[in-house]
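Engineer: Before I ask anything, let me first share the structure, which is written out below as structure tokens.
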Amino acid sequence: MAAEPVHRPVAAPADGEDRATEAALRPKDLDGFIGQVRVREQLDLVLRAARQRSATADHVLLSGAPGLGKTTLAMIIAAEMGAPLRITSGPAIQHPGDLAAVLASLTGGEVLFLDEIHRMSRPAEEMLYLAMEDFRVDIVVGTGLDATAMSLELPPFTLVGATVRAGLLLPPLRDRFGFTAHMEFYDPAELERVIHRSARLLEVEVEPAGAAEIAGRSRGTPRIANRLLRRVRDYAQVTADGAVTREIASAALGVYEVDGRGLDRLDRAVLHALLKLFGGGPVGLSTLAVAVGEERETVQEVAEPFLVREGLLARTPRGRVATPAAWAHFGLVPPPGPSRPSWTAPPGHRNGDSGQDDPPGGRTGRTTSPAAPRHRPPPR
């Protein structure tokens, strides 16, 4: 008699599970939000004053690196005001008509969260700051001689914009926000509190030393700390008794290629190429990206900000340069003497910051000298 097959529950897709877990870990009010003390204090005053006046809150602009809690704060603002929340993003609004459709569907007091607001089109931005100030949008119906301008009145609403590049917004749009806040990176002590809170929600036993180990490798970002905690939880569940100690956390993060300073595979590849292949630089961004087998935008937007913040890489007008801390991190000794090409950047050249390629003639600095001016003999 054949044995009956063993029925195992089918696990949910990892991405869906991670999204659900991340949503469950978000705090629901300002009291439960860890870190960003000054932002929380200022935002609490803005919201309490609006509630006392029975009015909608001022428009809020949140700027800062990804993963610091901008979306969470937008959800908290809606919850604190007792208002519904509408979520959209800048890339989804490329025409004024797209924005007009979203604004026309808002109800009184609703909170509109616009993520990546800097990626909106310019015509949409111009329509948005008029709507923020006057709660009105002007739209044109029809084309040519049949075109008619219409003014659409909007109910009062609160716009919460999130951006990683506040400088890309039009100045008139930035001026319409009644409250602006810049989100700072977290220190290790704050990240440990985040990890302990998340561990309680995930029902994971985490020792203080284990939380400190994870916090030290989280790049000052709560989102990364929560992600690493989930991966360490998996490792502890499979290979140990489920408790997260310093040894378990260190071994788990080693499996996932996150070193003691928080550098991942891409970070180490960039530094390894810069040190071993190019002698510490300077080297152009495109050449460095080819060396690590990644797109130049990936190197510039994903790896470089953290490496620069950690003091391991410098962006100079002549290219990317490894700092002495980068040599020390890999246990290497920098070559004797300044390893710099003889090529000198002309005035106004921004090779390193603009992401252009190497200087003319490559890294060797060989350039073609301009032809000497011809001296004509004086007329006889």
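FYI, nothing fancy with the structure tokens labels: chains A, B, ... in order, residues from 1 per chain, ligands from 1 as they appear.
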Looking only at the backbone, which of the residues in range 93-297 of chain A does DSSP tag as strand (DSSP E), as a PyMOL selection string?

Structural biologist: chain A and resi 111-115+136-141+148-153+158-163+179-182

Engineer: With C-alpha atoms retained, could you export that selection as a CSV table (one decimal), in the first residue's frame?

Structural biologist:
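What follows is the written file again.csv:
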chain,number,residue,atom,x,y,z
A,111,VAL,CA,-4.0,63.4,3.1
A,112,LEU,CA,-2.4,63.0,-0.3
A,113,PHE,CA,1.0,61.3,-0.1
A,114,LEU,CA,3.2,62.0,-3.2
A,115,ASP,CA,6.3,59.9,-3.1
A,136,ARG,CA,-8.0,75.3,-7.3
A,137,VAL,CA,-6.8,73.9,-10.6
A,138,ASP,CA,-7.2,75.4,-14.1
A,139,ILE,CA,-7.7,72.9,-16.9
A,140,VAL,CA,-8.2,73.4,-20.6
A,141,VAL,CA,-11.0,71.3,-22.3
A,148,THR,CA,-12.2,76.3,-23.1
A,149,ALA,CA,-10.5,77.1,-19.8
A,150,MET,CA,-12.2,75.8,-16.7
A,151,SER,CA,-11.5,76.4,-13.1
A,152,LEU,CA,-12.1,73.5,-10.7
A,153,GLU,CA,-12.5,74.2,-7.0
A,158,THR,CA,-3.0,68.1,3.1
A,159,LEU,CA,-0.2,67.2,0.7
A,160,VAL,CA,2.8,65.2,2.1
A,161,GLY,CA,5.6,65.1,-0.4
A,162,ALA,CA,8.6,62.8,0.0
A,163,THR,CA,11.9,63.2,-1.9
A,179,PHE,CA,6.5,72.4,7.1
A,180,THR,CA,9.7,70.9,5.7
A,181,ALA,CA,11.8,68.3,7.4
A,182,HIS,CA,15.1,66.6,6.6

Engineer: Find the spatial neighbours of Leu288 in chain A, counting only C-alpha atoms, within a cut-off of 10 Å - ignore same-chain residues fewer than 5 positions away - and output them as a list in words.

Structural biologist: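 Returned residues: Ala269, Val270, Leu271, Ala273, Leu274, Leu277, Phe278, Gly281, Pro282, Val283, Gly293, Glu294, Glu295, Arg296, Val299, Gly319, Arg320, Asp357 and Asp358 of chain A.
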
Engineer: Would you work out the distance separating CA of Asp264 in chain A from CA of Phe33 in chain A, expressed in Å to one decimal?

Structural biologist: 27.5 Å

Engineer: Need the shell around Ala212 in chain A: protein/DNA/RNA residues with any atom at most 12 Å away, counting only C-alpha atoms. Skip same-chain ones fewer than 5 positions apart. Format as a list of chain:residue names?

Structural biologist: A:Asp187, A:Pro188, A:Ala189, A:Glu190, A:Leu191, A:Glu192, A:Arg193, A:Val194, A:Ile195, A:His196, A:Val206, A:Glu207, A:Arg217, A:Ser218, A:Ala225, A:Leu229, A:Val244, A:Thr245, A:Arg246, A:Glu247, A:Ala249, A:Ser250, A:Gly260

Engineer: Suppose we keep C-alpha atoms; can you now write the selection as a CSV table (one decimal), in the first residue's frame?

Structural biologist:
chain,number,residue,atom,x,y,z
A,187,ASP,CA,22.8,56.2,15.2
A,188,PRO,CA,23.5,52.6,16.4
A,189,ALA,CA,21.6,53.1,19.7
A,190,GLU,CA,18.4,54.2,17.9
A,191,LEU,CA,18.7,51.3,15.5
A,192,GLU,CA,19.0,48.9,18.4
A,193,ARG,CA,15.7,50.2,19.7
A,194,VAL,CA,14.2,49.7,16.3
A,195,ILE,CA,15.5,46.1,16.2
A,196,HIS,CA,14.2,45.3,19.7
A,206,VAL,CA,17.2,38.9,20.4
A,207,GLU,CA,19.9,39.4,22.9
A,217,ARG,CA,25.8,46.8,9.9
A,218,SER,CA,22.6,48.6,9.0
A,225,ALA,CA,18.0,47.0,10.0
A,229,LEU,CA,16.8,41.2,11.3
A,244,VAL,CA,19.7,35.8,18.0
A,245,THR,CA,23.1,36.2,19.7
A,246,ARG,CA,26.1,38.1,18.6
A,247,GLU,CA,27.7,35.0,17.2
A,249,ALA,CA,24.1,37.5,13.9
A,250,SER,CA,27.7,37.7,12.8
A,260,GLY,CA,31.2,44.4,10.0

Engineer: I'd like to know which residues of range 131-284 of chain A are alpha helix (DSSP H) (by DSSP, run on the backbone); could you write them as a ChimeraX atom specification?

Structural biologist: /A:131-134,171-175,188-202,208-215,222-239,246-255,265-272

Engineer: Could you tell me how far CA of Asn226 in chain A sits from CA of Pro208 in chain A, in Å to one decimal place?

Structural biologist: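 Taking CA of Pro208 in chain A as the start and CA of Asn226 in chain A as the end point, the length is 15.3 Å.
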
Engineer: So that I can see what lies close to Ile34 in chain A, please list as a ChimeraX atom specification the residues with an atom at most 12 Å from it, counting only C-alpha atoms and leaving out residues fewer than 3 positions away in the same chain.

Structural biologist: /A:25-31,37-41,68-69,72-73,185-187,189-198,221-222

Engineer: For CA of Ile93 in chain A and CA of Met120 in chain A, determine how far apart the two atoms are, in Å to one decimal place.

Structural biologist: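 CA of Ile93 in chain A sits 5.8 Å away from CA of Met120 in chain A.
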
Engineer: Set the distance at 10 Å and use only C-alpha atoms: which residues neighbour Gly167 in chain A once local chain neighbours fewer than 6 positions away are removed? I'd like the list as a list in words.

Structural biologist: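 Counting only C-alpha atoms, the residues come to Ser63, His118 and Arg174 of chain A.
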
Engineer: Here is a test: counting only C-alpha atoms, which residue of A:Pro305, A:Pro123, A:Pro156, A:Pro171 is nearest to Ala55 in chain A?

Structural biologist: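 Checking each candidate against Ala55 in chain A, we get A:Pro156 as the closest.
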
Engineer: Given the choices A:Glu310, A:Glu301, A:Asp58, A:Asp134, which gets closest to Arg219 in chain A if the distance is worked out from only C-alpha atoms?

Structural biologist: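 Once distances to Arg219 in chain A are computed over only C-alpha atoms, the minimum belongs to A:Glu310.
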